[in-house]
Structures are given as structure tokens and as C-alpha cells.
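Asker: File start28.csv below, CSV, C-alpha atoms:
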chain,number,residue,atom,x,y,z
A,271,MET,CA,17.7,-118.0,-18.7
A,272,ALA,CA,17.5,-114.5,-17.5
A,273,LEU,CA,15.9,-115.7,-14.3
A,274,LEU,CA,18.7,-118.2,-13.8
A,275,ASP,CA,21.3,-115.5,-14.2
A,276,ALA,CA,19.5,-113.3,-11.8
A,277,LEU,CA,19.3,-116.1,-9.2
A,278,LYS,CA,23.0,-116.8,-9.6
A,279,MET,CA,23.8,-113.1,-9.1
A,280,LEU,CA,21.6,-113.0,-6.0
A,281,LEU,CA,23.2,-116.1,-4.5
A,282,SER,CA,26.7,-114.7,-5.3
A,283,GLN,CA,25.8,-111.4,-3.5
A,284,GLU,CA,24.4,-113.3,-0.6
A,285,LEU,CA,27.6,-115.4,-0.4
A,286,VAL,CA,29.8,-112.2,-0.5
A,287,TYR,CA,27.7,-110.7,2.3
A,288,MET,CA,28.0,-113.9,4.5
A,289,ASN,CA,31.7,-114.0,4.0
A,290,ALA,CA,32.1,-110.3,4.9
A,291,ARG,CA,29.9,-110.9,8.0
A,292,ASN,CA,32.0,-113.9,9.1
A,293,LEU,CA,35.2,-112.0,8.5
A,294,SER,CA,33.8,-109.1,10.7
A,295,TYR,CA,32.8,-111.6,13.4
A,296,SER,CA,36.4,-113.0,13.3
A,297,GLU,CA,37.8,-109.5,13.7
A,298,ILE,CA,35.5,-108.8,16.7
A,299,ALA,CA,36.6,-112.1,18.2
A,300,CYS,CA,40.3,-111.2,17.8
A,301,VAL,CA,39.8,-107.8,19.4
A,302,THR,CA,37.9,-109.4,22.3
A,303,VAL,CA,40.6,-112.0,22.9
A,304,LEU,CA,43.4,-109.5,22.7
A,305,THR,CA,41.6,-107.0,25.0
A,306,TRP,CA,40.9,-109.7,27.5
A,307,ASP,CA,44.6,-110.8,27.5
A,308,VAL,CA,45.8,-107.2,27.9
A,309,LEU,CA,43.5,-106.7,30.9
A,310,ILE,CA,44.4,-110.0,32.7
A,311,MET,CA,48.1,-109.3,32.3
A,312,PHE,CA,48.1,-105.6,33.1
A,313,SER,CA,48.9,-105.9,36.8
A,314,ASP,CA,52.0,-108.0,36.1
A,315,GLU,CA,52.9,-105.7,33.2
A,316,ILE,CA,52.9,-102.7,35.5
A,317,GLU,CA,55.1,-104.3,38.1
A,318,LEU,CA,57.5,-106.1,35.8
A,319,ILE,CA,57.7,-103.8,32.8
A,320,TRP,CA,56.5,-100.2,33.3
A,321,LYS,CA,58.0,-99.7,36.8
A,322,ARG,CA,61.4,-100.7,35.5
A,323,VAL,CA,63.9,-98.4,33.6
A,324,TRP,CA,63.5,-98.1,29.9
A,325,THR,CA,65.4,-100.7,28.0
A,326,PRO,CA,65.3,-102.2,24.5
A,327,ALA,CA,63.3,-105.1,26.0
A,328,LYS,CA,60.6,-102.7,27.2
A,329,LEU,CA,60.4,-101.2,23.7
A,330,MET,CA,60.1,-104.6,22.1
A,331,TYR,CA,57.4,-105.5,24.7
A,332,PHE,CA,55.4,-102.4,23.8
A,333,ILE,CA,55.5,-103.1,20.1
A,334,ALA,CA,54.7,-106.8,20.5
A,335,ARG,CA,51.9,-106.1,23.0
A,336,TYR,CA,50.1,-103.0,21.8
A,337,LEU,CA,50.8,-102.5,18.1
A,338,PRO,CA,48.8,-105.6,17.1
A,339,TRP,CA,46.0,-104.4,19.3
A,340,LEU,CA,46.0,-101.0,17.7
A,341,VAL,CA,45.9,-102.5,14.2
A,342,GLN,CA,43.0,-104.7,15.3
A,343,LEU,CA,41.0,-101.7,16.6
A,344,ALA,CA,41.7,-99.9,13.3
A,345,LEU,CA,40.4,-102.9,11.3
A,346,LEU,CA,37.4,-103.1,13.5
A,347,ALA,CA,36.6,-99.4,13.0
A,348,ILE,CA,36.7,-99.6,9.3
A,349,ASN,CA,34.1,-102.3,9.0
A,350,VAL,CA,32.0,-104.1,11.5
A,351,ASN,CA,29.6,-106.5,9.8
A,352,GLY,CA,29.4,-104.1,6.9
A,353,SER,CA,27.5,-101.6,9.0
A,354,THR,CA,29.9,-98.7,8.6
A,355,GLY,CA,28.9,-98.1,5.0
A,356,LEU,CA,32.4,-97.1,4.1
A,357,GLN,CA,33.4,-97.5,0.5
A,358,PHE,CA,37.0,-97.3,-0.8
A,359,SER,CA,38.7,-96.8,-4.1
A,360,PHE,CA,41.3,-99.1,-5.4
A,361,GLY,CA,44.1,-96.6,-4.5
A,362,GLN,CA,42.8,-96.3,-1.0
A,363,CYS,CA,42.7,-100.0,-0.5
A,364,ALA,CA,46.2,-100.3,-1.9
A,365,ALA,CA,47.4,-97.7,0.5
A,366,TRP,CA,45.7,-99.4,3.5
A,367,GLN,CA,47.3,-102.7,2.5
A,368,VAL,CA,50.7,-101.1,2.4
A,369,VAL,CA,50.1,-99.8,6.0
A,370,GLN,CA,49.0,-103.2,7.1
A,371,GLY,CA,52.0,-104.9,5.4
A,372,VAL,CA,54.5,-102.5,7.1
A,373,LEU,CA,52.9,-102.9,10.5
A,374,LEU,CA,52.9,-106.7,10.1
A,375,GLN,CA,56.5,-106.7,9.2
A,376,VAL,CA,57.4,-104.5,12.2
A,377,ILE,CA,55.6,-106.9,14.6
A,378,VAL,CA,57.1,-110.0,13.0
A,379,THR,CA,60.6,-108.5,13.1
A,380,THR,CA,60.1,-107.5,16.8
A,381,VAL,CA,59.1,-111.0,17.8
A,382,ASP,CA,62.0,-112.5,15.8
A,383,VAL,CA,64.5,-110.2,17.7
A,384,ILE,CA,63.1,-111.4,21.0
A,385,LEU,CA,63.5,-115.0,19.9
A,386,ILE,CA,67.0,-114.4,18.6
A,387,THR,CA,68.0,-112.8,21.9
A,388,ARG,CA,66.7,-115.9,23.8
A,389,VAL,CA,68.8,-118.2,21.6
A,390,TYR,CA,71.8,-115.9,21.9
A,391,ALA,CA,71.5,-116.1,25.7
A,392,LEU,CA,71.2,-119.9,25.7
A,393,TYR,CA,74.4,-120.2,23.7
A,394,SER,CA,76.5,-118.2,26.2
A,395,ARG,CA,76.5,-115.0,24.1
A,396,SER,CA,78.2,-116.8,21.2
A,397,ARG,CA,79.3,-114.1,18.8
A,398,ILE,CA,79.7,-116.7,16.0
A,399,LEU,CA,76.1,-117.9,16.5
A,400,LEU,CA,74.9,-114.3,16.7
A,401,GLY,CA,76.7,-113.4,13.5
A,402,VAL,CA,75.2,-116.3,11.7
A,403,LEU,CA,71.7,-115.7,13.0
A,404,GLY,CA,72.1,-112.0,12.2
A,405,CYS,CA,73.0,-112.8,8.6
A,406,PHE,CA,70.0,-115.1,8.3
A,407,PHE,CA,67.8,-112.5,10.0
A,408,VAL,CA,68.9,-109.7,7.7
A,409,ALA,CA,68.4,-111.9,4.6
A,410,GLU,CA,64.9,-112.9,5.9
A,411,ILE,CA,63.8,-109.3,6.5
A,412,ALA,CA,65.1,-108.2,3.1
A,413,PHE,CA,63.3,-111.1,1.3
A,414,LEU,CA,60.0,-110.5,3.2
A,415,CYS,CA,60.1,-106.8,2.4
A,416,TYR,CA,60.7,-107.6,-1.2
A,417,VAL,CA,57.8,-110.1,-1.3
A,418,LEU,CA,55.5,-107.5,0.3
A,419,ALA,CA,56.6,-104.9,-2.2
A,420,VAL,CA,55.8,-107.3,-5.1
A,421,VAL,CA,52.6,-108.6,-3.7
A,422,THR,CA,50.9,-105.4,-2.5
A,423,PRO,CA,50.3,-103.9,-6.0
A,424,GLN,CA,48.8,-107.3,-7.2
A,425,LEU,CA,46.3,-107.9,-4.4
A,426,LYS,CA,42.7,-107.8,-5.3
A,427,TYR,CA,40.0,-106.3,-3.1
A,428,ASP,CA,36.3,-106.0,-2.7
A,429,ASP,CA,34.5,-102.6,-2.1
A,430,GLU,CA,35.3,-102.8,1.6
A,431,CYS,CA,39.0,-103.3,1.1
A,432,TYR,CA,39.0,-107.0,2.0
A,433,VAL,CA,41.6,-109.0,0.1
A,434,THR,CA,39.9,-111.5,-2.2
A,435,SER,CA,43.0,-113.0,-3.9
A,436,SER,CA,46.8,-112.7,-3.9
A,437,PRO,CA,49.7,-113.7,-6.2
A,438,ASP,CA,51.4,-117.0,-5.8
A,439,ILE,CA,54.7,-115.4,-4.6
A,440,PHE,CA,52.9,-114.4,-1.4
A,441,GLN,CA,53.2,-118.0,-0.1
A,442,TYR,CA,57.0,-117.6,0.1
A,443,TYR,CA,56.5,-114.8,2.7
A,444,TRP,CA,55.1,-117.4,5.0
A,445,ILE,CA,57.4,-120.2,4.0
A,446,VAL,CA,60.6,-118.1,4.7
A,447,SER,CA,59.1,-117.0,8.1
A,448,LEU,CA,58.3,-120.5,9.0
A,449,ILE,CA,61.8,-121.7,8.2
A,450,PHE,CA,63.5,-119.0,10.3
A,451,GLU,CA,61.2,-119.7,13.2
A,452,THR,CA,61.9,-123.4,13.0
A,453,ILE,CA,65.7,-122.8,13.0
A,454,LEU,CA,65.4,-120.8,16.2
A,455,PHE,CA,63.2,-123.4,17.8
A,456,ALA,CA,65.5,-126.2,16.9
A,457,LEU,CA,68.5,-124.3,18.4
A,458,THR,CA,66.5,-123.8,21.6
A,459,MET,CA,65.5,-127.4,21.9
A,460,TYR,CA,69.1,-128.6,21.2
A,461,LYS,CA,70.5,-126.5,24.0
A,462,PHE,CA,67.7,-127.5,26.3
A,463,CYS,CA,68.5,-131.2,25.7
A,464,GLU,CA,72.1,-130.5,26.3
A,465,ALA,CA,71.3,-128.7,29.5
A,466,VAL,CA,69.2,-131.6,30.8
A,467,ARG,CA,72.1,-134.0,30.2
A,468,GLN,CA,74.5,-131.7,32.0
A,469,GLY,CA,72.2,-131.3,35.0
A,470,TRP,CA,71.4,-127.5,34.7
A,471,GLY,CA,68.2,-127.8,32.6
A,472,LYS,CA,65.7,-128.8,35.2
A,473,GLY,CA,65.3,-125.5,37.1
A,474,PRO,CA,61.9,-123.9,37.1
A,475,VAL,CA,62.9,-120.8,35.3
A,476,MET,CA,64.7,-122.8,32.6
A,477,GLN,CA,61.6,-125.0,32.3
A,478,GLN,CA,59.5,-121.8,31.9
A,479,PHE,CA,61.9,-120.5,29.3
A,480,VAL,CA,61.6,-123.6,27.1
A,481,THR,CA,57.8,-124.0,27.7
A,482,ASP,CA,57.2,-120.5,26.5
A,483,GLY,CA,59.4,-121.0,23.5
A,484,THR,CA,57.6,-124.2,22.5
A,485,TRP,CA,54.1,-123.0,22.7
A,486,ALA,CA,55.0,-119.7,21.0
A,487,TYR,CA,56.7,-121.5,18.2
A,488,ALA,CA,53.7,-123.9,17.8
A,489,LEU,CA,51.1,-121.2,17.7
A,490,ILE,CA,53.1,-119.0,15.3
A,491,PHE,CA,53.9,-121.9,13.0
A,492,LEU,CA,50.2,-123.0,12.9
A,493,VAL,CA,48.7,-119.6,12.2
A,494,MET,CA,51.3,-118.8,9.6
A,495,LEU,CA,50.8,-122.1,7.9
A,496,VAL,CA,47.0,-121.5,7.8
A,497,ASN,CA,47.6,-118.0,6.4
A,498,MET,CA,49.8,-119.4,3.6
A,499,MET,CA,47.1,-122.0,2.7
A,500,LEU,CA,44.3,-119.4,2.7
A,501,TYR,CA,46.2,-116.9,0.6
A,502,LYS,CA,47.2,-119.6,-1.9
A,503,TYR,CA,43.9,-121.4,-2.4
A,504,VAL,CA,41.0,-119.2,-1.3
A,505,ARG,CA,39.6,-116.7,-3.7
A,506,SER,CA,37.0,-114.9,-1.7
A,507,THR,CA,36.6,-112.4,1.2
A,508,LEU,CA,37.7,-115.1,3.6
A,509,THR,CA,41.3,-115.1,2.1
A,510,GLY,CA,42.7,-112.9,4.8
A,511,ILE,CA,40.5,-114.1,7.7
A,512,CYS,CA,43.6,-115.4,9.6
A,513,TYR,CA,45.6,-112.2,9.2
A,514,THR,CA,44.0,-110.8,12.4
A,515,TRP,CA,44.6,-114.1,14.2
A,516,LEU,CA,48.2,-113.9,13.4
A,517,LEU,CA,48.3,-110.5,15.0
A,518,VAL,CA,46.7,-112.0,18.1
A,519,VAL,CA,49.2,-114.8,18.3
A,520,LEU,CA,52.2,-112.5,17.7
A,521,SER,CA,51.0,-110.3,20.5
A,522,LEU,CA,50.4,-113.2,22.9
A,523,ALA,CA,53.7,-114.8,22.1
A,524,GLY,CA,55.9,-111.7,21.9
A,525,SER,CA,54.6,-110.2,25.2
A,526,ARG,CA,54.8,-113.4,27.2
A,527,LEU,CA,58.3,-114.2,25.9
A,528,VAL,CA,59.4,-110.9,27.7
A,529,LEU,CA,57.1,-111.0,30.6
A,530,ASN,CA,57.0,-114.6,31.8
A,531,PRO,CA,60.8,-114.9,32.4
A,532,ARG,CA,60.7,-111.8,34.5
A,533,ARG,CA,57.8,-113.2,36.5
A,534,ALA,CA,59.6,-116.5,36.9
A,535,SER,CA,62.8,-114.8,38.0
A,536,VAL,CA,61.0,-112.7,40.6
A,537,SER,CA,59.4,-115.9,42.0
A,538,GLN,CA,62.8,-117.5,42.0
A,539,GLN,CA,64.3,-114.6,44.0
A,540,GLY,CA,62.3,-115.8,47.0
A,541,VAL,CA,64.6,-118.8,47.3
A,542,LEU,CA,67.9,-117.1,46.4
A,543,SER,CA,70.1,-115.4,48.9
A,544,ARG,CA,72.1,-113.4,46.4
A,545,SER,CA,71.5,-110.4,44.2
A,546,ARG,CA,68.5,-109.5,42.1
A,547,LEU,CA,68.6,-110.0,38.4
A,548,GLU,CA,68.0,-107.1,36.1
A,549,SER,CA,70.1,-104.8,33.9
A,550,SER,CA,69.4,-101.5,32.2
A,551,ASN,CA,70.8,-102.9,28.9
A,552,ILE,CA,70.4,-106.2,27.1
A,553,GLU,CA,73.1,-108.0,29.0
A,554,LEU,CA,73.5,-111.8,29.0
A,555,THR,CA,75.9,-113.8,31.1
A,556,ARG,CA,77.3,-117.2,30.3
A,557,LEU,CA,74.7,-120.0,30.7
A,558,SER,CA,75.8,-123.3,29.3
A,559,SER,CA,79.2,-123.9,30.9
A,560,VAL,CA,77.9,-125.1,34.1
A,561,ALA,CA,79.3,-127.9,36.2
A,562,PRO,CA,77.0,-130.3,38.1
A,563,VAL,CA,76.2,-129.1,41.5
A,564,SER,CA,75.5,-130.7,44.8
A,565,PRO,CA,72.0,-131.1,46.1
A,566,SER,CA,72.6,-128.5,48.8
A,567,ARG,CA,73.0,-125.8,46.2
A,568,ALA,CA,70.2,-124.0,44.4
A,569,THR,CA,69.5,-125.3,40.9
A,570,GLY,CA,68.1,-123.6,37.9
A,571,VAL,CA,68.7,-120.8,35.6
A,572,MET,CA,67.6,-117.2,35.9
A,573,ILE,CA,66.5,-115.9,32.5
A,574,THR,CA,65.0,-112.7,31.3
A,575,ILE,CA,65.2,-111.0,27.9
A,576,GLU,CA,67.6,-108.6,29.5
A,577,HIS,CA,69.7,-110.7,31.8
A,578,ILE,CA,70.6,-114.4,32.1
A,579,SER,CA,72.6,-115.8,34.9
A,580,ASP,CA,73.2,-119.3,36.2
A,581,VAL,CA,72.1,-119.8,39.7
A,582,ASN,CA,74.8,-122.4,40.2
A,583,ASP,CA,77.6,-120.2,39.1
A,584,TRP,CA,77.3,-117.1,41.2
A,585,GLU,CA,80.9,-115.9,40.9
A,586,LYS,CA,81.8,-112.4,42.0
A,587,GLU,CA,82.1,-111.1,38.5
A,588,SER,CA,78.6,-112.2,37.5
A,589,CYS,CA,76.7,-110.9,40.5
A,590,TYR,CA,74.9,-107.6,40.4
A,591,ALA,CA,73.5,-105.5,43.2
A,592,GLU,CA,70.7,-103.1,42.3
A,593,THR,CA,71.4,-99.5,43.3
A,594,PRO,CA,68.6,-97.1,44.2
A,595,ASP,CA,68.6,-95.5,40.8
A,596,GLY,CA,67.9,-98.8,39.1
A,597,ASN,CA,71.4,-99.5,37.8
A,598,PHE,CA,73.5,-102.4,38.8
A,599,ALA,CA,76.9,-102.7,40.3
A,600,GLY,CA,79.1,-105.7,40.2
Can you turn what I pasted into C-alpha cells?
Answerer:
Amino acid sequence: MALLDALKMLLSQELVYMNARNLSYSEIACVTVLTWDVLIMFSDEIELIWKRVWTPAKLMYFIARYLPWLVQLALLAINVNGSTGLQFSFGQCAAWQVVQGVLLQVIVTTVDVILITRVYALYSRSRILLGVLGCFFVAEIAFLCYVLAVVTPQLKYDDECYVTSSPDIFQYYWIVSLIFETILFALTMYKFCEAVRQGWGKGPVMQQFVTDGTWAYALIFLVMLVNMMLYKYVRSTLTGICYTWLLVVLSLAGSRLVLNPRRASVSQQGVLSRSRLESSNIELTRLSSVAPVSPSRATGVMITIEHISDVNDWEKESCYAETPDGNFAG
């Protein structure tokens, strides 16, 4: 009997070690993917982000791009395949989980703001829609912060600060986030379908805009769903294995939702004879009230997180010329 108990304990310890090792491998993979993505996007980032004037969009880009990467590096430094030998008290683990929760919420909030700005642009700067989305957004943030405040003291850890179980209420953090993301995606697709019917939804920049929104929503939805299932049903070191992958997805999606429209608008400028599109503030022009145009006119929509303008409706009041100091004059 004693031999059987000893064998069970040995197998249990071996399983814990294997799970910790697999979790560490996953963290290494996340850092590798994110570092690779940062490197391949860096040249475009310099031209389209850092050489421009400082704007709220640039700040959101910095948070979405680099904060997840820094969190990943910190996680990697704490434990790599159990080789660091670091041991933590329950209080230290709790404090570290609070830091992770706050950083996660900052990143999620930043990506949500980017998505809201895109929807606001598509709906011609509708103040009513912005007010409704703003109320939902504030309610979402308040609820998510409440859930994190309730969940964090009830998390259970192993000696290396890996979460091994969480209370049931934690699933609602992911459910509410998924609902809000779905609302934004549904609004985007509705406006895109309306744009196609009206003849202004087939431009390359608009296509890029919708494509980015679709894959970003799909990836975020999938990873959040997997996270919810793991935290709800898994009771081992592997409970939080997808947390780092969520950071990767949020970084990929958030950064590209800012960068790709700028890249597309710069490419589109090659076929436009009118002014460049940029603003030192988040400034969005009307987008949806566009009449069909003749084949001889340029088609498409110029969209960035800072400025949106219909190529088919270049009236005097919506045209901007860039001045040498980076500002724009009408």
C-alpha cells in the first residue's frame, strides 16, 4: 500500500513537471512569434507610425504592440522550463497576478477603443452610436474590473506562481468580452454590406478595413473562448496556458488595426491626385453618405484610425493639405 502511494506521488510530481515544462515551452513560442512579428513589421512601423506626429492613435499602437511583448518577456524571465529555481510565496503570487490582470485589462481596453473608433468612423461619426457604444464600453470595463477584483484573491497557484484553478465567475470575464467584440463586429459587417449595395464598399482600402476587422475578431474570439474553457474546466498548471497566446493575438490584432489602414492609404495615394490623408487628432469624416460614381472617378474609401475620407466625395471642406510642420489645413 505504501509502495502504491509512493508511486502515485511520483507520477503526480512527474505530471506537474511535464505540465510546467509544456507551459514554459508555450511561453517561449509566444515570445518567439511576437518578436518575429515585431521585427518584420518594424520598417513599416517606423515610416507609418514613429515618423508621424504624436497622436492618440500612436499611443494606442504602442500599448497594443509593445505592452504584451513586455509582459511576455517578464513571464519568460520568471520561469523557463523550471530552470530559474525561483520560488514564490502565496502573497507574491497574488501580487503578480494582480499585475497581470491590470496589464491584461489595459491591453484589452486599448484594442476595444481601436475597434470602437473604426465602427464610429464607418457610421459617419454618429454621436448616437458613439454614445450607445460608450455606455456599453464603460459597463463592460466596470464589470471586467469587478470580476478581476473578485477572482484574483481566489486563484490557486503552484510554487512557481502558475495558476492551477480559478473560481467559476471568471468565465464571465471572457463571456462579456466576447459579447462586446461580437457587437462591434456585427456593426462593421452590417455597414460593409450596406456599402457594397450602395457601390462604395469595393475599394481596396475598404476591403482591407473589413478584412482586418474580420480576422482580428475571429482570432480574438477563438483565443478568448479557449481561455474561458481552460479556466473553467482545467485544474492543473495548464489552466493558464492560453493567457500568453491571448497577449500575442491582442498585439497582432491591435497593432495591425492601426498600421494596415495607414499602409493601404499610402498605397492608395499613388492613384489619387488630391491631398494626403492624415490628422494630428482622431478626426473622422463622413463615410456612408456616398452617391454612386461614374467609372471615370476613383472608387474606394481612405481609412485610418485617425482619419477617414471618401475618395468619391472630395468636397472642399473635407480636403486637407499637409503643411511642413505636420498639421493639415483645409
Asker: Write out as a list in words which residues come within 9 Å of Asn497 (chain A) when counting all atoms listed in the file, dropping same-chain ones fewer than 2 positions away.
Answerer: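 So, after excluding close chain neighbours, the residues are Gln441, Trp444, Leu492, Val493, Met494, Leu495, Met499, Leu500, Tyr501, Lys502, Thr509, Gly510, Ile511, Cys512, Tyr513 and Leu516 of chain A.
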Asker: With distances taken over all atoms listed in the file, which of A:Leu517, A:Pro338, A:Leu385, A:Val368 is nearest to Val420 (chain A)?
Answerer: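 Checking each candidate against Val420 (chain A), we get A:Val368 as the closest.
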Asker: How many Å separate CA of Asp307 (chain A) from CA of Leu522 (chain A)?
Answerer: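 Between CA of Asp307 (chain A) and CA of Leu522 (chain A) the gap is 7.8 Å.
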Asker: Counting only C-alpha atoms, figure out which residue out of A:Val496, A:Ser394, A:Glu317, A:Ile445 gets nearest to Phe413 (chain A).
Answerer: A:Ile445
Asker: Using all atoms listed in the file, determine which residues lie at most 10 Å from Tyr427 (chain A), disregarding the query and same-chain residues fewer than 6 positions distant; provide the list as an mmCIF file with C-alpha atoms, in the frame of the given file.
Answerer:
data_model
loop_
_atom_site.group_PDB
_atom_site.id
_atom_site.type_symbol
_atom_site.label_atom_id
_atom_site.label_comp_id
_atom_site.auth_asym_id
_atom_site.auth_seq_id
_atom_site.Cartn_x
_atom_site.Cartn_y
_atom_site.Cartn_z
ATOM 1 C CA PHE A 358 37.000 -97.300 -0.800
ATOM 2 C CA SER A 359 38.700 -96.800 -4.100
ATOM 3 C CA PHE A 360 41.300 -99.100 -5.400
ATOM 4 C CA CYS A 363 42.700 -100.000 -0.500
ATOM 5 C CA ALA A 364 46.200 -100.300 -1.900
ATOM 6 C CA GLN A 367 47.300 -102.700 2.500
ATOM 7 C CA VAL A 433 41.600 -109.000 0.100
ATOM 8 C CA THR A 434 39.900 -111.500 -2.200
ATOM 9 C CA SER A 435 43.000 -113.000 -3.900
ATOM 10 C CA SER A 436 46.800 -112.700 -3.900
ATOM 11 C CA SER A 506 37.000 -114.900 -1.700
ATOM 12 C CA THR A 507 36.600 -112.400 1.200
#
Asker: Could you pull out every residue with an atom within 12 Å of (52.0, -103.5, 11.4), file coordinates, counting all atoms listed in the file, and send them as a PDB file with C-alpha atoms, in the frame of the given file?
Answerer:
ATOM      1  CA  ILE A 333      55.500-103.100  20.100  1.00  0.00           C
ATOM      2  CA  ALA A 334      54.700-106.800  20.500  1.00  0.00           C
ATOM      3  CA  ARG A 335      51.900-106.100  23.000  1.00  0.00           C
ATOM      4  CA  TYR A 336      50.100-103.000  21.800  1.00  0.00           C
ATOM      5  CA  LEU A 337      50.800-102.500  18.100  1.00  0.00           C
ATOM      6  CA  PRO A 338      48.800-105.600  17.100  1.00  0.00           C
ATOM      7  CA  TRP A 339      46.000-104.400  19.300  1.00  0.00           C
ATOM      8  CA  LEU A 340      46.000-101.000  17.700  1.00  0.00           C
ATOM      9  CA  VAL A 341      45.900-102.500  14.200  1.00  0.00           C
ATOM     10  CA  GLN A 342      43.000-104.700  15.300  1.00  0.00           C
ATOM     11  CA  ALA A 344      41.700 -99.900  13.300  1.00  0.00           C
ATOM     12  CA  LEU A 345      40.400-102.900  11.300  1.00  0.00           C
ATOM     13  CA  TRP A 366      45.700 -99.400   3.500  1.00  0.00           C
ATOM     14  CA  GLN A 367      47.300-102.700   2.500  1.00  0.00           C
ATOM     15  CA  VAL A 368      50.700-101.100   2.400  1.00  0.00           C
ATOM     16  CA  VAL A 369      50.100 -99.800   6.000  1.00  0.00           C
ATOM     17  CA  GLN A 370      49.000-103.200   7.100  1.00  0.00           C
ATOM     18  CA  GLY A 371      52.000-104.900   5.400  1.00  0.00           C
ATOM     19  CA  VAL A 372      54.500-102.500   7.100  1.00  0.00           C
ATOM     20  CA  LEU A 373      52.900-102.900  10.500  1.00  0.00           C
ATOM     21  CA  LEU A 374      52.900-106.700  10.100  1.00  0.00           C
ATOM     22  CA  GLN A 375      56.500-106.700   9.200  1.00  0.00           C
ATOM     23  CA  VAL A 376      57.400-104.500  12.200  1.00  0.00           C
ATOM     24  CA  ILE A 377      55.600-106.900  14.600  1.00  0.00           C
ATOM     25  CA  VAL A 378      57.100-110.000  13.000  1.00  0.00           C
ATOM     26  CA  THR A 379      60.600-108.500  13.100  1.00  0.00           C
ATOM     27  CA  THR A 380      60.100-107.500  16.800  1.00  0.00           C
ATOM     28  CA  TYR A 513      45.600-112.200   9.200  1.00  0.00           C
ATOM     29  CA  THR A 514      44.000-110.800  12.400  1.00  0.00           C
ATOM     30  CA  LEU A 516      48.200-113.900  13.400  1.00  0.00           C
ATOM     31  CA  LEU A 517      48.300-110.500  15.000  1.00  0.00           C
ATOM     32  CA  LEU A 520      52.200-112.500  17.700  1.00  0.00           C
ATOM     33  CA  SER A 521      51.000-110.300  20.500  1.00  0.00           C
TER      34      SER A 521
END
Asker: Pick out the residues sitting within 10 Å of Tyr487 (chain A), and hand them over as a PDB file with C-alpha atoms, in the frame of the given file; count only C-alpha atoms, and ignore anything fewer than 2 positions along from it in its own chain.
Answerer:
ATOM      1  CA  LEU A 385      63.500-115.000  19.900  1.00  0.00           C
ATOM      2  CA  LEU A 448      58.300-120.500   9.000  1.00  0.00           C
ATOM      3  CA  GLU A 451      61.200-119.700  13.200  1.00  0.00           C
ATOM      4  CA  THR A 452      61.900-123.400  13.000  1.00  0.00           C
ATOM      5  CA  LEU A 454      65.400-120.800  16.200  1.00  0.00           C
ATOM      6  CA  PHE A 455      63.200-123.400  17.800  1.00  0.00           C
ATOM      7  CA  THR A 481      57.800-124.000  27.700  1.00  0.00           C
ATOM      8  CA  ASP A 482      57.200-120.500  26.500  1.00  0.00           C
ATOM      9  CA  GLY A 483      59.400-121.000  23.500  1.00  0.00           C
ATOM     10  CA  THR A 484      57.600-124.200  22.500  1.00  0.00           C
ATOM     11  CA  TRP A 485      54.100-123.000  22.700  1.00  0.00           C
ATOM     12  CA  LEU A 489      51.100-121.200  17.700  1.00  0.00           C
ATOM     13  CA  ILE A 490      53.100-119.000  15.300  1.00  0.00           C
ATOM     14  CA  PHE A 491      53.900-121.900  13.000  1.00  0.00           C
ATOM     15  CA  LEU A 492      50.200-123.000  12.900  1.00  0.00           C
ATOM     16  CA  ALA A 523      53.700-114.800  22.100  1.00  0.00           C
TER      17      ALA A 523
END
Asker: Restricting the calculation to all atoms listed in the file, which member of A:Leu392, A:Arg526, A:Asp438, A:Tyr443 is positioned closest to Val504 (chain A)?
Answerer: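 Once distances to Val504 (chain A) are computed over all atoms listed in the file, the minimum belongs to A:Asp438.
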Asker: Suppose you want the space between CA of Ala456 (chain A) and CA of Trp515 (chain A); what is it in Å?
Answerer: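 Rounded to one decimal, the two atoms are 24.3 Å apart.
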Asker: At most 7 Å from (67.6, -111.8, 12.9), file frame, all atoms listed in the file: which residues, as a PDB file with C-alpha atoms, keeping the file's coordinate frame?
Answerer:
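Dumped everything to point-v9.pdb:
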ATOM      1  CA  ASP A 382      62.000-112.500  15.800  1.00  0.00           C
ATOM      2  CA  VAL A 383      64.500-110.200  17.700  1.00  0.00           C
ATOM      3  CA  ILE A 386      67.000-114.400  18.600  1.00  0.00           C
ATOM      4  CA  LEU A 403      71.700-115.700  13.000  1.00  0.00           C
ATOM      5  CA  GLY A 404      72.100-112.000  12.200  1.00  0.00           C
ATOM      6  CA  CYS A 405      73.000-112.800   8.600  1.00  0.00           C
ATOM      7  CA  PHE A 406      70.000-115.100   8.300  1.00  0.00           C
ATOM      8  CA  PHE A 407      67.800-112.500  10.000  1.00  0.00           C
ATOM      9  CA  VAL A 408      68.900-109.700   7.700  1.00  0.00           C
TER      10      VAL A 408
END
Asker: Could you please determine the separation between CA of Gly524 (chain A) and CA of Tyr331 (chain A) in Å, to one decimal place?
Answerer: 7.0 Å
